[in-house]
file start.pdb (PDB, C-alpha atoms)
ATOM      1  CA  MET A1167      -3.017 -37.922  59.297
ATOM      2  CA  ASP A1168      -2.344 -34.230  59.924
ATOM      3  CA  ASP A1169      -1.043 -33.809  56.392
ATOM      4  CA  VAL A1170      -4.162 -35.416  54.953
ATOM      5  CA  GLN A1171      -6.419 -33.339  57.180
ATOM      6  CA  ASN A1172      -4.613 -30.162  56.222
ATOM      7  CA  SER A1173      -4.925 -31.038  52.533
ATOM      8  CA  VAL A1174      -8.638 -31.768  52.854
ATOM      9  CA  LEU A1175      -9.225 -28.552  54.782
ATOM     10  CA  LYS A1176      -7.278 -26.625  52.164
ATOM     11  CA  ILE A1177      -9.361 -28.120  49.339
ATOM     12  CA  ILE A1178     -12.622 -27.337  51.101
ATOM     13  CA  GLY A1179     -11.438 -23.831  51.918
ATOM     14  CA  SER A1180     -10.529 -23.223  48.298
ATOM     15  CA  LEU A1181     -13.894 -24.501  47.090
ATOM     16  CA  LEU A1182     -15.778 -22.358  49.603
ATOM     17  CA  GLU A1183     -13.837 -19.341  48.403
ATOM     18  CA  GLY A1184     -14.795 -20.162  44.802
ATOM     19  CA  TRP A1185     -18.430 -20.359  45.855
ATOM     20  CA  ASP A1186     -18.159 -16.946  47.557
ATOM     21  CA  ARG A1187     -18.664 -18.402  51.030
ATOM     22  CA  THR A1188     -16.138 -16.589  53.106
ATOM     23  CA  GLY A1189     -15.817 -16.529  56.872
ATOM     24  CA  VAL A1190     -16.831 -20.166  57.327
ATOM     25  CA  THR A1191     -14.876 -22.068  59.969
ATOM     26  CA  VAL A1192     -14.113 -25.631  58.957
ATOM     27  CA  ASP A1193     -12.712 -28.386  61.128
ATOM     28  CA  ALA A1194     -12.977 -32.161  61.395
ATOM     29  CA  GLY A1195     -16.347 -31.971  63.079
ATOM     30  CA  THR A1196     -17.956 -29.715  60.479
ATOM     31  CA  THR A1197     -20.867 -31.368  58.714
ATOM     32  CA  LEU A1198     -20.971 -31.206  54.924
ATOM     33  CA  HIS A1199     -24.691 -30.767  54.500
ATOM     34  CA  GLY A1200     -27.429 -28.920  56.304
ATOM     35  CA  GLU A1201     -27.655 -25.394  57.614
ATOM     36  CA  GLU A1202     -25.573 -26.146  60.709
ATOM     37  CA  GLY A1203     -22.633 -27.178  58.516
ATOM     38  CA  LEU A1204     -21.311 -26.274  55.101
ATOM     39  CA  GLY A1205     -24.722 -26.669  53.492
ATOM     40  CA  LEU A1206     -23.354 -28.248  50.331
ATOM     41  CA  ASP A1207     -25.890 -28.818  47.575
ATOM     42  CA  SER A1208     -25.634 -31.734  45.129
ATOM     43  CA  LEU A1209     -23.468 -29.922  42.588
ATOM     44  CA  GLU A1210     -21.127 -28.636  45.292
ATOM     45  CA  THR A1211     -20.853 -32.162  46.650
ATOM     46  CA  ALA A1212     -19.995 -33.398  43.148
ATOM     47  CA  GLU A1213     -17.364 -30.686  42.817
ATOM     48  CA  LEU A1214     -15.875 -31.652  46.181
ATOM     49  CA  SER A1215     -15.860 -35.315  45.138
ATOM     50  CA  ALA A1216     -14.145 -34.539  41.821
ATOM     51  CA  THR A1217     -11.584 -32.245  43.432
ATOM     52  CA  LEU A1218     -10.708 -34.818  46.093
ATOM     53  CA  GLU A1219     -10.235 -37.459  43.387
ATOM     54  CA  ASP A1220      -8.086 -35.054  41.410
ATOM     55  CA  GLU A1221      -5.865 -34.460  44.439
ATOM     56  CA  PHE A1222      -5.714 -37.934  45.968
ATOM     57  CA  GLY A1223      -6.586 -40.268  43.086
ATOM     58  CA  SER A1224      -9.725 -41.514  44.812
ATOM     59  CA  ASP A1225     -12.580 -40.097  46.837
ATOM     60  CA  PRO A1226     -15.061 -41.456  49.348
ATOM     61  CA  PHE A1227     -18.165 -40.474  47.394
ATOM     62  CA  SER A1228     -17.124 -42.439  44.301
ATOM     63  CA  ALA A1229     -16.164 -45.343  46.541
ATOM     64  CA  GLY A1230     -19.782 -45.594  47.650
ATOM     65  CA  GLU A1231     -19.341 -43.960  51.032
ATOM     66  CA  MET A1232     -21.345 -40.899  51.903
ATOM     67  CA  PRO A1233     -19.317 -38.956  54.461
ATOM     68  CA  GLU A1234     -21.315 -36.575  56.594
ATOM     69  CA  THR A1235     -18.429 -34.685  58.157
ATOM     70  CA  VAL A1236     -15.023 -33.390  57.142
ATOM     71  CA  GLY A1237     -13.537 -35.841  59.618
ATOM     72  CA  GLU A1238     -15.122 -38.772  57.801
ATOM     73  CA  ILE A1239     -13.435 -37.659  54.571
ATOM     74  CA  VAL A1240     -10.098 -37.527  56.363
ATOM     75  CA  ALA A1241     -10.743 -40.949  57.903
ATOM     76  CA  PHE A1242     -11.358 -42.411  54.418
ATOM     77  CA  TYR A1243      -7.860 -41.446  53.326
ATOM     78  CA  ALA A1244      -6.277 -42.397  56.632
ATOM     79  CA  ALA A1245      -7.771 -45.876  56.319
ATOM     80  CA  ALA A1246      -6.390 -46.233  52.798
ATOM     81  CA  ALA A1247      -2.885 -45.135  53.779
TER
ATOM     82  CA  MET B 440      -2.128 -25.745   8.916
ATOM     83  CA  THR B 441      -4.991 -25.694   6.441
ATOM     84  CA  ALA B 442      -6.309 -22.290   5.470
ATOM     85  CA  GLU B 443      -9.855 -22.776   6.696
ATOM     86  CA  GLN B 444      -8.969 -23.829  10.240
ATOM     87  CA  PRO B 445      -9.253 -21.247  13.006
ATOM     88  CA  GLU B 446      -6.113 -19.963  14.619
ATOM     89  CA  PRO B 447      -5.742 -20.905  18.287
ATOM     90  CA  LEU B 448      -6.010 -18.072  20.753
ATOM     91  CA  PRO B 449      -2.549 -16.786  21.670
ATOM     92  CA  GLY B 450      -0.943 -18.763  24.470
ATOM     93  CA  ARG B 451      -3.885 -21.108  24.858
ATOM     94  CA  GLN B 452      -3.226 -24.699  23.892
ATOM     95  CA  ARG B 453      -6.199 -26.826  24.818
ATOM     96  CA  THR B 454      -6.359 -30.495  25.715
ATOM     97  CA  VAL B 455      -8.991 -32.075  23.508
ATOM     98  CA  VAL B 456     -10.467 -35.560  23.814
ATOM     99  CA  VAL B 457     -12.204 -36.944  20.746
ATOM    100  CA  THR B 458     -13.798 -40.361  21.037
ATOM    101  CA  GLY B 459     -13.716 -42.558  17.971
ATOM    102  CA  GLY B 460     -11.196 -40.366  16.180
ATOM    103  CA  SER B 461      -9.400 -42.933  14.083
ATOM    104  CA  ARG B 462     -11.497 -42.642  10.936
ATOM    105  CA  GLY B 463     -14.324 -40.800   9.207
ATOM    106  CA  LEU B 464     -15.820 -37.791  10.939
ATOM    107  CA  GLY B 465     -13.812 -38.395  14.109
ATOM    108  CA  ALA B 466     -10.560 -38.291  12.160
ATOM    109  CA  GLY B 467     -11.631 -35.019  10.589
ATOM    110  CA  ILE B 468     -12.262 -33.541  14.037
ATOM    111  CA  VAL B 469      -8.896 -34.784  15.333
ATOM    112  CA  GLN B 470      -7.147 -33.241  12.317
ATOM    113  CA  SER B 471      -8.952 -29.954  12.899
ATOM    114  CA  PHE B 472      -7.694 -29.673  16.477
ATOM    115  CA  LEU B 473      -4.179 -30.724  15.510
ATOM    116  CA  ASP B 474      -4.290 -27.985  12.885
ATOM    117  CA  SER B 475      -5.389 -25.424  15.468
ATOM    118  CA  GLY B 476      -2.367 -26.260  17.612
ATOM    119  CA  ASP B 477      -4.086 -28.159  20.396
ATOM    120  CA  ARG B 478      -3.187 -31.364  22.241
ATOM    121  CA  VAL B 479      -5.450 -34.131  21.012
ATOM    122  CA  ALA B 480      -6.176 -37.532  22.505
ATOM    123  CA  THR B 481      -8.341 -40.072  20.815
ATOM    124  CA  CYS B 482      -9.281 -43.683  21.219
ATOM    125  CA  ALA B 483     -10.628 -46.431  19.026
ATOM    126  CA  ARG B 484     -10.554 -50.181  19.029
ATOM    127  CA  SER B 485      -7.696 -50.327  16.537
ATOM    128  CA  GLU B 486      -5.119 -48.128  14.869
ATOM    129  CA  THR B 487      -5.713 -46.838  11.371
ATOM    130  CA  ASP B 488      -3.425 -45.303   8.769
ATOM    131  CA  ALA B 489      -4.527 -41.874   9.990
ATOM    132  CA  VAL B 490      -3.509 -42.692  13.563
ATOM    133  CA  ARG B 491      -0.145 -44.064  12.451
ATOM    134  CA  ALA B 492       0.464 -40.932  10.362
ATOM    135  CA  TRP B 493      -0.351 -38.576  13.253
ATOM    136  CA  SER B 494       1.809 -40.591  15.647
ATOM    137  CA  ALA B 495       4.777 -40.439  13.283
ATOM    138  CA  ASP B 496       4.437 -36.798  12.273
ATOM    139  CA  PRO B 497       7.051 -34.645  14.058
ATOM    140  CA  ALA B 498       4.698 -31.665  13.809
ATOM    141  CA  TYR B 499       2.410 -33.385  16.325
ATOM    142  CA  GLU B 500       5.089 -34.745  18.631
ATOM    143  CA  GLY B 501       4.028 -34.450  22.254
ATOM    144  CA  ARG B 502       0.519 -33.364  21.409
ATOM    145  CA  PHE B 503      -1.130 -36.400  19.904
ATOM    146  CA  LEU B 504      -2.116 -39.413  21.948
ATOM    147  CA  PHE B 505      -3.828 -42.547  20.731
ATOM    148  CA  VAL B 506      -5.066 -45.218  23.108
ATOM    149  CA  GLY B 507      -6.503 -48.452  21.819
ATOM    150  CA  ALA B 508      -9.786 -48.762  23.672
ATOM    151  CA  ASP B 509     -13.304 -49.942  23.062
ATOM    152  CA  ILE B 510     -15.345 -46.985  24.225
ATOM    153  CA  ALA B 511     -18.259 -49.282  25.094
ATOM    154  CA  ASP B 512     -16.058 -50.965  27.700
ATOM    155  CA  ARG B 513     -16.102 -48.862  30.863
ATOM    156  CA  GLU B 514     -12.780 -50.109  32.165
ATOM    157  CA  GLN B 515     -11.035 -49.352  28.888
ATOM    158  CA  THR B 516     -12.634 -45.915  28.697
ATOM    159  CA  THR B 517     -11.593 -45.140  32.255
ATOM    160  CA  ARG B 518      -8.030 -46.181  31.431
ATOM    161  CA  PHE B 519      -8.073 -43.903  28.385
ATOM    162  CA  VAL B 520      -9.250 -40.819  30.279
ATOM    163  CA  LYS B 521      -6.816 -41.490  33.127
ATOM    164  CA  GLU B 522      -3.975 -41.706  30.638
ATOM    165  CA  VAL B 523      -4.943 -38.350  29.146
ATOM    166  CA  VAL B 524      -5.120 -36.722  32.575
ATOM    167  CA  ALA B 525      -1.843 -38.312  33.672
ATOM    168  CA  ARG B 526      -0.131 -36.921  30.591
ATOM    169  CA  TRP B 527      -1.701 -33.479  30.295
ATOM    170  CA  GLY B 528      -3.334 -32.803  33.666
ATOM    171  CA  SER B 529      -6.800 -31.765  32.620
ATOM    172  CA  VAL B 530      -9.284 -31.879  29.773
ATOM    173  CA  ASP B 531     -10.530 -28.647  28.214
ATOM    174  CA  VAL B 532     -12.654 -30.052  25.400
ATOM    175  CA  LEU B 533     -14.536 -33.322  24.995
ATOM    176  CA  VAL B 534     -16.030 -34.293  21.655
ATOM    177  CA  ASN B 535     -18.285 -37.312  22.010
ATOM    178  CA  ASN B 536     -18.049 -38.572  18.460
ATOM    179  CA  ALA B 537     -17.869 -42.349  18.794
ATOM    180  CA  GLY B 538     -20.984 -43.985  17.488
ATOM    181  CA  VAL B 539     -22.276 -46.935  15.573
ATOM    182  CA  ALA B 540     -25.154 -47.346  13.149
ATOM    183  CA  ARG B 541     -27.159 -50.457  12.443
ATOM    184  CA  ASP B 542     -29.926 -50.203   9.894
ATOM    185  CA  GLY B 543     -33.030 -52.276   9.487
ATOM    186  CA  LEU B 544     -36.741 -52.122  10.091
ATOM    187  CA  LEU B 545     -37.541 -52.275  13.775
ATOM    188  CA  ALA B 546     -39.875 -55.225  13.221
ATOM    189  CA  LEU B 547     -36.874 -57.240  12.053
ATOM    190  CA  PHE B 548     -34.193 -55.632  14.205
ATOM    191  CA  SER B 549     -32.065 -57.954  16.314
ATOM    192  CA  ASP B 550     -31.853 -57.397  20.035
ATOM    193  CA  ASP B 551     -28.081 -57.712  19.852
ATOM    194  CA  ASP B 552     -27.876 -54.895  17.314
ATOM    195  CA  ALA B 553     -30.136 -52.720  19.482
ATOM    196  CA  ASP B 554     -27.889 -53.361  22.477
ATOM    197  CA  THR B 555     -24.769 -52.538  20.469
ATOM    198  CA  VAL B 556     -26.163 -49.208  19.281
ATOM    199  CA  VAL B 557     -27.499 -48.167  22.690
ATOM    200  CA  ASP B 558     -24.363 -49.307  24.537
ATOM    201  CA  LEU B 559     -22.022 -47.295  22.340
ATOM    202  CA  ASN B 560     -24.072 -44.270  21.341
ATOM    203  CA  LEU B 561     -25.615 -43.584  24.724
ATOM    204  CA  LYS B 562     -24.166 -45.527  27.642
ATOM    205  CA  ALA B 563     -20.554 -45.086  26.547
ATOM    206  CA  THR B 564     -21.163 -41.370  26.054
ATOM    207  CA  PHE B 565     -22.625 -41.087  29.536
ATOM    208  CA  HIS B 566     -19.596 -42.798  31.029
ATOM    209  CA  VAL B 567     -16.860 -40.840  29.269
ATOM    210  CA  SER B 568     -18.768 -37.601  29.889
ATOM    211  CA  LYS B 569     -19.000 -38.381  33.593
ATOM    212  CA  LEU B 570     -15.255 -38.956  33.818
ATOM    213  CA  VAL B 571     -14.421 -35.795  31.920
ATOM    214  CA  VAL B 572     -17.031 -33.623  33.647
ATOM    215  CA  ARG B 573     -15.487 -34.560  36.974
ATOM    216  CA  ASN B 574     -12.118 -33.419  35.679
ATOM    217  CA  MET B 575     -13.650 -30.196  34.353
ATOM    218  CA  LEU B 576     -15.358 -29.547  37.709
ATOM    219  CA  ALA B 577     -12.004 -29.890  39.437
ATOM    220  CA  HIS B 578     -10.269 -27.604  36.952
ATOM    221  CA  GLY B 579     -12.688 -24.758  36.491
ATOM    222  CA  GLY B 580     -14.616 -25.484  33.312
ATOM    223  CA  GLY B 581     -14.571 -26.847  29.807
ATOM    224  CA  ARG B 582     -16.470 -27.533  26.616
ATOM    225  CA  ILE B 583     -18.410 -30.643  25.608
ATOM    226  CA  VAL B 584     -19.808 -31.298  22.143
ATOM    227  CA  ASN B 585     -21.923 -34.353  21.400
ATOM    228  CA  ILE B 586     -22.074 -35.465  17.787
ATOM    229  CA  SER B 587     -25.724 -36.120  17.167
ATOM    230  CA  SER B 588     -27.638 -36.589  13.937
ATOM    231  CA  ILE B 589     -30.561 -35.158  12.049
ATOM    232  CA  THR B 590     -32.033 -38.654  12.204
ATOM    233  CA  GLY B 591     -32.688 -37.893  15.860
ATOM    234  CA  LEU B 592     -34.710 -34.840  14.839
ATOM    235  CA  THR B 593     -36.609 -35.987  11.780
ATOM    236  CA  GLY B 594     -36.507 -39.760  11.938
ATOM    237  CA  TYR B 595     -35.425 -41.951   9.062
ATOM    238  CA  ARG B 596     -36.957 -45.220   7.927
ATOM    239  CA  GLY B 597     -34.686 -48.079   8.953
ATOM    240  CA  LEU B 598     -32.807 -46.069  11.567
ATOM    241  CA  THR B 599     -35.206 -46.199  14.495
ATOM    242  CA  VAL B 600     -32.755 -47.319  17.149
ATOM    243  CA  TYR B 601     -29.909 -45.190  15.841
ATOM    244  CA  GLY B 602     -32.225 -42.160  15.616
ATOM    245  CA  ALA B 603     -33.510 -42.790  19.114
ATOM    246  CA  THR B 604     -29.994 -42.801  20.526
ATOM    247  CA  LYS B 605     -29.202 -39.540  18.757
ATOM    248  CA  ALA B 606     -32.384 -37.923  20.062
ATOM    249  CA  GLY B 607     -31.319 -39.209  23.454
ATOM    250  CA  LEU B 608     -27.963 -37.508  23.043
ATOM    251  CA  ASP B 609     -29.705 -34.187  22.424
ATOM    252  CA  GLY B 610     -31.712 -34.638  25.620
ATOM    253  CA  PHE B 611     -28.540 -35.556  27.480
ATOM    254  CA  THR B 612     -26.958 -32.374  26.142
ATOM    255  CA  ARG B 613     -29.733 -30.170  27.488
ATOM    256  CA  ALA B 614     -29.850 -31.807  30.922
ATOM    257  CA  LEU B 615     -26.087 -31.808  31.412
ATOM    258  CA  ALA B 616     -25.883 -28.189  30.271
ATOM    259  CA  ARG B 617     -28.290 -27.280  33.060
ATOM    260  CA  GLU B 618     -26.359 -29.307  35.631
ATOM    261  CA  VAL B 619     -22.921 -27.823  35.020
ATOM    262  CA  GLY B 620     -23.575 -24.439  33.417
ATOM    263  CA  SER B 621     -22.744 -22.599  36.630
ATOM    264  CA  ARG B 622     -19.283 -24.201  36.609
ATOM    265  CA  ARG B 623     -18.197 -22.715  33.281
ATOM    266  CA  ILE B 624     -18.844 -25.927  31.379
ATOM    267  CA  THR B 625     -20.847 -25.674  28.170
ATOM    268  CA  VAL B 626     -22.542 -28.675  26.577
ATOM    269  CA  ASN B 627     -23.896 -28.638  23.043
ATOM    270  CA  SER B 628     -24.865 -31.052  20.282
ATOM    271  CA  ILE B 629     -24.228 -30.954  16.580
ATOM    272  CA  ALA B 630     -26.963 -32.682  14.620
ATOM    273  CA  SER B 631     -24.968 -33.753  11.632
ATOM    274  CA  GLY B 632     -26.512 -34.308   8.258
ATOM    275  CA  TYR B 633     -25.426 -37.064   5.928
ATOM    276  CA  LEU B 634     -21.683 -37.195   5.361
ATOM    277  CA  ARG B 635     -19.674 -38.962   2.742
ATOM    278  CA  THR B 636     -17.728 -41.032   5.243
ATOM    279  CA  GLU B 637     -17.282 -44.714   5.834
ATOM    280  CA  MET B 638     -20.315 -44.706   8.094
ATOM    281  CA  SER B 639     -23.095 -42.864   6.286
ATOM    282  CA  HIS B 640     -25.682 -44.420   8.542
ATOM    283  CA  GLY B 641     -25.730 -47.634   6.544
ATOM    284  CA  LEU B 642     -27.302 -45.925   3.535
ATOM    285  CA  ASP B 643     -26.685 -47.195   0.022
ATOM    286  CA  GLU B 644     -25.677 -45.047  -2.975
ATOM    287  CA  GLY B 645     -29.268 -44.776  -4.168
ATOM    288  CA  GLN B 646     -30.427 -43.408  -0.829
ATOM    289  CA  LEU B 647     -27.463 -41.031  -0.648
ATOM    290  CA  GLY B 648     -28.251 -39.747  -4.166
ATOM    291  CA  GLN B 649     -31.817 -39.032  -3.116
ATOM    292  CA  ILE B 650     -30.549 -37.140  -0.068
ATOM    293  CA  VAL B 651     -28.269 -35.005  -2.240
ATOM    294  CA  ARG B 652     -31.187 -34.084  -4.520
ATOM    295  CA  ARG B 653     -33.203 -32.930  -1.499
ATOM    296  CA  THR B 654     -30.333 -30.964   0.087
ATOM    297  CA  PRO B 655     -30.321 -27.208  -0.675
ATOM    298  CA  ALA B 656     -26.511 -27.153  -0.577
ATOM    299  CA  GLY B 657     -26.537 -29.855  -3.259
ATOM    300  CA  ARG B 658     -23.968 -32.196  -1.754
ATOM    301  CA  LEU B 659     -23.248 -34.549   1.085
ATOM    302  CA  GLY B 660     -21.289 -33.188   4.001
ATOM    303  CA  GLU B 661     -17.575 -33.560   4.612
ATOM    304  CA  PRO B 662     -15.933 -34.064   8.017
ATOM    305  CA  ASP B 663     -14.545 -30.516   7.808
ATOM    306  CA  ASP B 664     -18.101 -29.138   7.660
ATOM    307  CA  ILE B 665     -18.746 -30.609  11.090
ATOM    308  CA  ALA B 666     -15.256 -29.956  12.483
ATOM    309  CA  ARG B 667     -15.625 -26.220  11.844
ATOM    310  CA  ALA B 668     -18.910 -26.198  13.781
ATOM    311  CA  VAL B 669     -17.211 -28.042  16.648
ATOM    312  CA  GLN B 670     -14.430 -25.431  16.678
ATOM    313  CA  PHE B 671     -17.047 -22.695  16.883
ATOM    314  CA  LEU B 672     -18.835 -24.266  19.838
ATOM    315  CA  VAL B 673     -15.647 -24.883  21.837
ATOM    316  CA  ASP B 674     -14.179 -21.439  21.237
ATOM    317  CA  ASP B 675     -13.273 -19.847  24.580
ATOM    318  CA  ARG B 676     -15.296 -16.798  23.615
ATOM    319  CA  ASN B 677     -18.501 -18.784  23.061
ATOM    320  CA  ASP B 678     -19.422 -19.333  26.685
ATOM    321  CA  TRP B 679     -23.008 -18.180  26.270
ATOM    322  CA  ILE B 680     -24.052 -20.984  23.949
ATOM    323  CA  THR B 681     -25.009 -24.070  25.893
ATOM    324  CA  GLY B 682     -27.683 -26.742  25.895
ATOM    325  CA  GLN B 683     -28.266 -26.292  22.178
ATOM    326  CA  THR B 684     -28.426 -28.571  19.169
ATOM    327  CA  LEU B 685     -26.793 -27.004  16.132
ATOM    328  CA  VAL B 686     -28.009 -28.544  12.879
ATOM    329  CA  VAL B 687     -25.285 -28.810  10.234
ATOM    330  CA  ASP B 688     -26.835 -30.545   7.261
ATOM    331  CA  GLY B 689     -26.581 -28.420   4.125
ATOM    332  CA  GLY B 690     -30.136 -27.259   4.737
ATOM    333  CA  LEU B 691     -31.739 -30.689   4.366
ATOM    334  CA  THR B 692     -34.058 -30.211   7.339
ATOM    335  CA  CYS B 693     -34.837 -26.536   6.845
TER
END
call {"tool": "encode", "arguments": {"input": "start.pdb", "output": "structure tokens"}}
result
Amino acid sequence: MDDVQNSVLKIIGSLLEGWDRTGVTVDAGTTLHGEEGLGLDSLETAELSATLEDEFGSDPFSAGEMPETVGEIVAFYAAAA
Amino acid sequence: MTAEQPEPLPGRQRTVVVTGGSRGLGAGIVQSFLDSGDRVATCARSETDAVRAWSADPAYEGRFLFVGADIADREQTTRFVKEVVARWGSVDVLVNNAGVARDGLLALFSDDDADTVVDLNLKATFHVSKLVVRNMLAHGGGRIVNISSITGLTGYRGLTVYGATKAGLDGFTRALAREVGSRRITVNSIASGYLRTEMSHGLDEGQLGQIVRRTPAGRLGEPDDIARAVQFLVDDRNDWITGQTLVVDGGLTC
């Protein structure tokens, strides 16, 4: 669980860096969309989805789930393990 | 390496996916990328002599992959792209070449033929592009070229459905270019003129002769004519050309 969470946090951190969004604190409770969270737009969400699939071989968005928080992404992989 | 093919950039061997690369124009595009030193994967429903020759040629060992797959079948296409990624990690260039032509007046056109043309020329292209775009998003960019046709620009009697799918491809090109341009992915079309290949849009020799007479360049096209344009559009340096349809037709539509 911790390994998965660390991997997900690392992926999100790397993407945020690529989008020039530095200084953002991310944890399991961080929401993906909206101003109070990461504020991902549709293309950023697609990039996150594709990067997660590239790393783990599957991703919650393509599986039809629409996670709202980082923790829900982690839970998707924990449930599949 | 043939003299007219561009040299690859030093140290940069690209992974190229060409759909429908076993014969005709697709085979010419595959040969072009093999000549420029790239890794090339292609798929088709069955092997051809060209595929067997590439597979057996030691010069292409480790950088040519053929997967038997019907591109109109989503599961088979997914398996193909996954095999490419499993072998080479990422896709740098996608050439959506696979296509089918059925000719006939619309008033007499069968629904099955219409479905076949739309399923392969459009829906299959959407699916393989989605798979590859996701890979390109995860790996920092890429190049997509859709092989379109001047019949999508000018129309041609007897090719209504085929022409409509090619016009659709050009629209797909523009929309996708807008979607992914900020992620270093370019998307362009080549509107090919009439080629002397096995699939010259179902035209007979009389029609092809008439086309030649109306073509300023005075001949039908060859696969190399289109392959060179593809190489231009996917060149690493050409990252400011996107969302465009490049007409390569010997001047027929000028």
call {"tool": "residues_around", "arguments": {"input": "start.pdb", "residues": "Ile1177 of chain A", "least_positions_apart": "5", "cutoff": "10 Å", "atoms": "only C-alpha atoms", "output": "JSON, numbers by chain"}}
result
{"A": [1171, 1172, 1182, 1183, 1214, 1217, 1218, 1221]}
call {"tool": "residues_around", "arguments": {"input": "start.pdb", "residues": "segment 648-656 of chain B", "least_positions_apart": "3", "cutoff": "9 Å", "atoms": "only C-alpha atoms", "output": "ChimeraX atom specification"}}
result
/B:633,643-645,659,688-693
call {"tool": "write_last_selection", "arguments": {"input": "start.pdb", "atoms": "C-alpha atoms", "output": "mmCIF file, in the coordinates of the input"}}
result
data_model
loop_
_atom_site.group_PDB
_atom_site.id
_atom_site.type_symbol
_atom_site.label_atom_id
_atom_site.label_comp_id
_atom_site.auth_asym_id
_atom_site.auth_seq_id
_atom_site.Cartn_x
_atom_site.Cartn_y
_atom_site.Cartn_z
ATOM 1 C CA TYR B 633 -25.426 -37.064 5.928
ATOM 2 C CA ASP B 643 -26.685 -47.195 0.022
ATOM 3 C CA GLU B 644 -25.677 -45.047 -2.975
ATOM 4 C CA GLY B 645 -29.268 -44.776 -4.168
ATOM 5 C CA LEU B 659 -23.248 -34.549 1.085
ATOM 6 C CA ASP B 688 -26.835 -30.545 7.261
ATOM 7 C CA GLY B 689 -26.581 -28.420 4.125
ATOM 8 C CA GLY B 690 -30.136 -27.259 4.737
ATOM 9 C CA LEU B 691 -31.739 -30.689 4.366
ATOM 10 C CA THR B 692 -34.058 -30.211 7.339
ATOM 11 C CA CYS B 693 -34.837 -26.536 6.845
#
call {"tool": "residues_around", "arguments": {"input": "start.pdb", "residues": "segment 1236-1242 of chain A", "least_positions_apart": "3", "cutoff": "12 Å", "atoms": "only C-alpha atoms", "output": "number ranges by chain"}}
result
A: 1167-1179, 1191-1199, 1203-1204, 1206, 1214-1215, 1218-1219, 1222, 1224-1233, 1245-1247
call {"tool": "write_last_selection", "arguments": {"input": "start.pdb", "atoms": "C-alpha atoms", "output": "CSV table (one decimal), keeping the file's coordinate frame"}}
result
chain,number,residue,atom,x,y,z
A,1167,MET,CA,-3.0,-37.9,59.3
A,1168,ASP,CA,-2.3,-34.2,59.9
A,1169,ASP,CA,-1.0,-33.8,56.4
A,1170,VAL,CA,-4.2,-35.4,55.0
A,1171,GLN,CA,-6.4,-33.3,57.2
A,1172,ASN,CA,-4.6,-30.2,56.2
A,1173,SER,CA,-4.9,-31.0,52.5
A,1174,VAL,CA,-8.6,-31.8,52.9
A,1175,LEU,CA,-9.2,-28.6,54.8
A,1176,LYS,CA,-7.3,-26.6,52.2
A,1177,ILE,CA,-9.4,-28.1,49.3
A,1178,ILE,CA,-12.6,-27.3,51.1
A,1179,GLY,CA,-11.4,-23.8,51.9
A,1191,THR,CA,-14.9,-22.1,60.0
A,1192,VAL,CA,-14.1,-25.6,59.0
A,1193,ASP,CA,-12.7,-28.4,61.1
A,1194,ALA,CA,-13.0,-32.2,61.4
A,1195,GLY,CA,-16.3,-32.0,63.1
A,1196,THR,CA,-18.0,-29.7,60.5
A,1197,THR,CA,-20.9,-31.4,58.7
A,1198,LEU,CA,-21.0,-31.2,54.9
A,1199,HIS,CA,-24.7,-30.8,54.5
A,1203,GLY,CA,-22.6,-27.2,58.5
A,1204,LEU,CA,-21.3,-26.3,55.1
A,1206,LEU,CA,-23.4,-28.2,50.3
A,1214,LEU,CA,-15.9,-31.7,46.2
A,1215,SER,CA,-15.9,-35.3,45.1
A,1218,LEU,CA,-10.7,-34.8,46.1
A,1219,GLU,CA,-10.2,-37.5,43.4
A,1222,PHE,CA,-5.7,-37.9,46.0
A,1224,SER,CA,-9.7,-41.5,44.8
A,1225,ASP,CA,-12.6,-40.1,46.8
A,1226,PRO,CA,-15.1,-41.5,49.3
A,1227,PHE,CA,-18.2,-40.5,47.4
A,1228,SER,CA,-17.1,-42.4,44.3
A,1229,ALA,CA,-16.2,-45.3,46.5
A,1230,GLY,CA,-19.8,-45.6,47.6
A,1231,GLU,CA,-19.3,-44.0,51.0
A,1232,MET,CA,-21.3,-40.9,51.9
A,1233,PRO,CA,-19.3,-39.0,54.5
A,1245,ALA,CA,-7.8,-45.9,56.3
A,1246,ALA,CA,-6.4,-46.2,52.8
A,1247,ALA,CA,-2.9,-45.1,53.8
call {"tool": "resolve_selection", "arguments": {"input": "start.pdb", "expression": "the ChimeraX specification (/A :<8) & /B", "output": "PyMOL selection string"}}
result
chain B and resi 573-574+576-577+618-619
call {"tool": "atom_distance", "arguments": {"input": "start.pdb", "atom1": "atom CA of Val571 of chain B", "atom2": "atom CA of Leu559 of chain B"}}
result
16.8 Å
call {"tool": "atom_distance", "arguments": {"input": "start.pdb", "atom1": "atom CA of Ser1180 of chain A", "atom2": "atom CA of Arg622 of chain B"}}
result
14.6 Å
call {"tool": "resolve_selection", "arguments": {"input": "start.pdb", "expression": "the PyMOL selection byres ((chain B and resi 631) around 9)", "output": "list in words"}}
result
Ile586, Ser587, Ser588, Ile589, Thr590, Ile629, Ala630, Gly632, Tyr633, Leu634, Gly660, Ile665, Leu685, Val686, Val687 and Asp688 of chain B
call {"tool": "resolve_selection", "arguments": {"input": "start.pdb", "expression": "the PyMOL selection byres ((chain B and resi 608) around 12)", "output": "PyMOL selection string"}}
result
chain B and resi 535-538+557+559-565+568+584-592+601-607+609-616+626-630+682-684
call {"tool": "residues_around", "arguments": {"input": "start.pdb", "residues": "Leu598 of chain B", "least_positions_apart": "3", "cutoff": "8 Å", "atoms": "only C-alpha atoms", "output": "short mmCIF file (atom, residue, chain, number, x, y, z; two decimals) with C-alpha atoms, in the frame of the given file"}}
result
data_model
loop_
_atom_site.label_atom_id
_atom_site.label_comp_id
_atom_site.auth_asym_id
_atom_site.auth_seq_id
_atom_site.Cartn_x
_atom_site.Cartn_y
_atom_site.Cartn_z
CA ALA B 540 -25.15 -47.35 13.15
CA ARG B 541 -27.16 -50.46 12.44
CA ASP B 542 -29.93 -50.20 9.89
CA GLY B 543 -33.03 -52.28 9.49
CA LEU B 544 -36.74 -52.12 10.09
CA THR B 590 -32.03 -38.65 12.20
CA GLY B 594 -36.51 -39.76 11.94
CA TYR B 595 -35.42 -41.95 9.06
CA TYR B 601 -29.91 -45.19 15.84
CA GLY B 602 -32.22 -42.16 15.62
CA HIS B 640 -25.68 -44.42 8.54
#
